[in-house]
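Undergrad: Quick one: the structure is below, and I'll ask about it shortly.
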Amino acid sequence: MNSISLQSGCLTCNTVIPNLFIDQYMPSANGSYVKVYLYLLRCITNHSETQISISSIADRLDDTEKDIVRALFYWEKVNLLTLVRDSGDTIISIKINDIYNANTDFNHPMEEVSTAVTMSVSTNDKTNSEESIEAADAYDFKPVKEFFEKPTYSEAQIKQLTNHDDVKWLLNIIEIYLDRLIKPMDLQLILYLYESLGFSTELIMYLYEYCVSKNKKNPSYIEAVALSWAEDGIDTVEKAEAATALYNSNYNAVNKAFGLNRAPGQIEKQFINKWLNKFGFTIDIIVEACNRTILMTQKPDFKYADKILENWFKKGVKELSQIAGLDEEHTKNAALKANSAKPVAVNKNNTNNRFNAFPQRSYTEEDYSSMEQKLLHKQG
């Protein structure tokens, strides 16, 4: 009897999650960290997703890039991941370790973690780290100076904290902002902001108002903005308003210079944050680069503007007035190159023929008149 070949026409559609992860790791991990780990498991079982990045994970999970980096460092800390870095501390690959050989000590709390957000991730080839210059969303471009450990509040603690009149009022307001009932994850975050970070109810209310105005209701995003405010010492509504106004004004200035009638995209935000924070340029210098880009390319080309600003950064530009000096120097250098490239003029009088062997004579008007009179006498 002939053998029968059995084939499958579908891809693997299941992601296997070890019970040990659910029993031991998941209860003590932040919810956003769990999402990142599960997504990595999903990617490793789908051969069409063999290359990922910090940015792509953040987009897929609707988190900030800082959240993704924190999650990766958390899972590395508990030995579920191995992160391979290059000499510049950029992550170039992620290895998912065997969970049953992770040797995690659950009796010891996670220690403090410090890292920068300027990273890119790839399971195969290294991606360009300049394309992933820090996080793209509000206040998400600064290095993480401190890891704010987030506690998990028990039912007794929740009951005690929510008995305060100001907290009850705050919860009602936030439900209006979110346009839904508060979920357990929302409640944990609000109590964390109020009790651990020491945010006032007014500041928490403004935080939610600001994030919702950007159409961001995800608790992870709201937490990332709050942590950035805490790192910057923003502890009042007035300070938060000033910081958000500056943030928005910088983006609006670039939009205006480029003639954009929309909010910058994620990669575009990364360029702007790079110019502001890595290069340290003031917004007037950035706008000047944008204006020159439009004149040269006739379109809002962020990469072209980046080359201009990178050149100015290498030349040590700190103020707008210094650019005029660079322009003048460039004009002089261009003129020198043009002059040196001109062909040498050939003197036609120096051509080698038998007539040029004799000295050449210059004639005056009197000479021409005298020769004319002699010629007339000969003809007569």
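In the structure tokens, chains take letters A, B, ... by order of appearance, with residues numbered from 1 within each chain and ligands from 1 in the order shown.
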Near Ile94 (chain A), counting only C-alpha atoms, which residues have an atom at most 7 Å away, once you skip same-chain residues fewer than 3 positions from it, shown as a ChimeraX atom specification?
TA: /A:81-84,123
Undergrad: Mind dumping the selected residues with C-alpha atoms as an mmCIF file, in the first residue's frame?
TA:
data_model
loop_
_atom_site.group_PDB
_atom_site.id
_atom_site.type_symbol
_atom_site.label_atom_id
_atom_site.label_comp_id
_atom_site.auth_asym_id
_atom_site.auth_seq_id
_atom_site.Cartn_x
_atom_site.Cartn_y
_atom_site.Cartn_z
ATOM 1 C CA LEU A 81 15.498 37.316 28.158
ATOM 2 C CA THR A 82 19.098 37.737 27.099
ATOM 3 C CA LEU A 83 19.774 41.110 25.438
ATOM 4 C CA VAL A 84 22.821 41.299 23.183
ATOM 5 C CA THR A 123 16.391 39.645 15.998
#
Undergrad: Taking only C-alpha atoms into account, name the residue in A:Pro219, A:Gly233, A:Pro27, A:Pro264 that is nearest to Asn252 (chain A).
TA: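 Of A:Pro219, A:Gly233, A:Pro27, A:Pro264, the one nearest Asn252 (chain A) is A:Pro264, counting only C-alpha atoms.
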Undergrad: I'd like the neighbourhood of region 237-239 of chain A as a VMD selection string, where a residue qualifies if any of its atoms comes within 10 Å (using only C-alpha atoms), though same-chain residues fewer than 2 positions away should be ignored.
TA: chain A and resid 199 to 207 229 232 to 235 241 to 245
Undergrad: Please list as a PyMOL selection string every residue within 8 Å of Ile286 (chain A), counting only C-alpha atoms and excluding residues in the same chain fewer than 4 positions away.
TA: chain A and resi 254+275+281-282+290+309
Undergrad: Store the residues of this selection in a file with N, CA and C atoms, as a tab-separated table (two decimals), in the first residue's frame.
TA:
chain	number	residue	atom	x	y	z
A	254	VAL	N	8.01	73.73	13.83
A	254	VAL	CA	8.52	72.90	12.73
A	254	VAL	C	7.42	72.66	11.70
A	275	TRP	N	17.07	66.81	17.33
A	275	TRP	CA	17.59	68.16	17.13
A	275	TRP	C	17.55	68.98	18.43
A	281	PHE	N	19.89	72.22	19.89
A	281	PHE	CA	19.62	73.44	19.13
A	281	PHE	C	18.36	74.13	19.65
A	282	THR	N	18.37	75.46	19.55
A	282	THR	CA	17.16	76.22	19.84
A	282	THR	C	16.22	76.10	18.65
A	290	CYS	N	14.85	74.03	8.45
A	290	CYS	CA	13.62	73.64	7.75
A	290	CYS	C	13.35	74.56	6.56
A	309	LEU	N	21.41	70.14	9.95
A	309	LEU	CA	21.61	70.36	11.38
A	309	LEU	C	22.79	69.55	11.92
Undergrad: Any chance you could tabulate, as a tab-separated table, the residues of region 173-222 of chain A at most 12 Å from region 52-69 of chain A with each one's nearest atom pair and distance in Å to one decimal, using only C-alpha atoms, in chain and rising number order?
TA:
residue	atom	partner	partner_atom	distance
A:Asn215	CA	A:Asp62	CA	11.5
A:Lys216	CA	A:Asp62	CA	9.0
A:Lys217	CA	A:Asp62	CA	9.9
A:Asn218	CA	A:Asp62	CA	7.4
A:Pro219	CA	A:Asp63	CA	8.9
A:Ser220	CA	A:Asp63	CA	6.1
A:Tyr221	CA	A:Asp63	CA	5.7
A:Ile222	CA	A:Asp63	CA	9.5
Undergrad: May I have the residues from that selection written out with N, CA and C atoms, as a short mmCIF file (atom, residue, chain, number, x, y, z; two decimals), in the first residue's frame?
TA:
data_model
loop_
_atom_site.label_atom_id
_atom_site.label_comp_id
_atom_site.auth_asym_id
_atom_site.auth_seq_id
_atom_site.Cartn_x
_atom_site.Cartn_y
_atom_site.Cartn_z
N ASN A 215 -5.56 62.02 22.46
CA ASN A 215 -6.22 60.74 22.10
C ASN A 215 -5.43 59.55 22.62
N LYS A 216 -4.83 59.71 23.80
CA LYS A 216 -4.06 58.66 24.45
C LYS A 216 -4.72 58.33 25.80
N LYS A 217 -5.39 57.18 25.85
CA LYS A 217 -6.06 56.76 27.08
C LYS A 217 -5.44 55.52 27.70
N ASN A 218 -4.40 55.00 27.07
CA ASN A 218 -3.75 53.81 27.57
C ASN A 218 -3.02 54.11 28.88
N PRO A 219 -3.26 53.31 29.94
CA PRO A 219 -2.58 53.57 31.22
C PRO A 219 -1.06 53.60 31.11
N SER A 220 -0.48 52.80 30.24
CA SER A 220 0.98 52.78 30.10
C SER A 220 1.49 54.11 29.57
N TYR A 221 0.77 54.68 28.62
CA TYR A 221 1.17 55.97 28.08
C TYR A 221 1.06 57.06 29.16
N ILE A 222 -0.05 57.05 29.86
CA ILE A 222 -0.28 58.05 30.91
C ILE A 222 0.80 57.92 31.99
#
Undergrad: Taking 5 positions as the minimum chain separation for residues in the same chain, which residues sit within 9 Å of Glu223 (chain A) when counting only C-alpha atoms? Answer as an MDAnalysis selection string.
TA: chainID A and resid 189 193 218 228
Undergrad: Would you mind reading off the distance between CA of Ala29 (chain A) and CA of Pro151 (chain A), one decimal, in Å?
TA: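 Taking CA of Ala29 (chain A) as the start and CA of Pro151 (chain A) as the end point, the length is 10.2 Å.
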Undergrad: Using only C-alpha atoms, which of the listed residues (A:Leu246, A:Ala305, A:Ala334, A:Lys299) sits closest to Ile272 (chain A)?
TA: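 Looking only at the distances to Ile272 (chain A), the closest residue turns out to be A:Ala305.
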Undergrad: Please, what distance in Å, to one decimal, runs between CA of Glu328 (chain A) and CA of Phe279 (chain A)?
TA: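 We find that CA of Glu328 (chain A) and CA of Phe279 (chain A) lie 22.7 Å from each other.
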Undergrad: So, with only C-alpha atoms as the atoms that count, which of A:Ile173, A:Leu191, A:Ile96, A:Ile294 lies closest to Leu260 (chain A)?
TA: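 Once distances to Leu260 (chain A) are computed over only C-alpha atoms, the minimum belongs to A:Ile294.
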Undergrad: Restricting the calculation to only C-alpha atoms: of A:Asn97, A:Gln322, A:Asn250, A:Asn30, which residue gets closest to Asn277 (chain A)?
TA: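 Closest to Asn277 (chain A), using only C-alpha atoms: A:Asn250.
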Undergrad: With only C-alpha atoms as the basis for distance, which of A:Thr90, A:Arg70, A:Leu295, A:Ala102 is at the shortest distance from Phe21 (chain A)?
TA: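 Checking each of A:Thr90, A:Arg70, A:Leu295, A:Ala102 against Phe21 (chain A), counting only C-alpha atoms, the winner is A:Ala102.
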Undergrad: Which residues are near Gln188 (chain A)? Cut-off 9 Å, only C-alpha atoms, ignore same chain within fewer than 4 positions. Put them as a ChimeraX atom specification.
TA: /A:151-153,158,183-184,192-193
Undergrad: When you look at Gly265 (chain A) with a cut-off of 12 Å (counting only C-alpha atoms), what residues show up, excluding the ones that are within fewer than 3 positions of it in the same chain? I need them as number ranges by chain.
TA: A: 59, 136-137, 251, 255, 260-262, 268-272, 302
Undergrad: When you count only C-alpha atoms, which of these residues is closest to Ala226 (chain A): A:Ala240, A:Ile308, A:Val287, A:Ala263?
TA: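 The answer is A:Ala240, which sits nearest to Ala226 (chain A).
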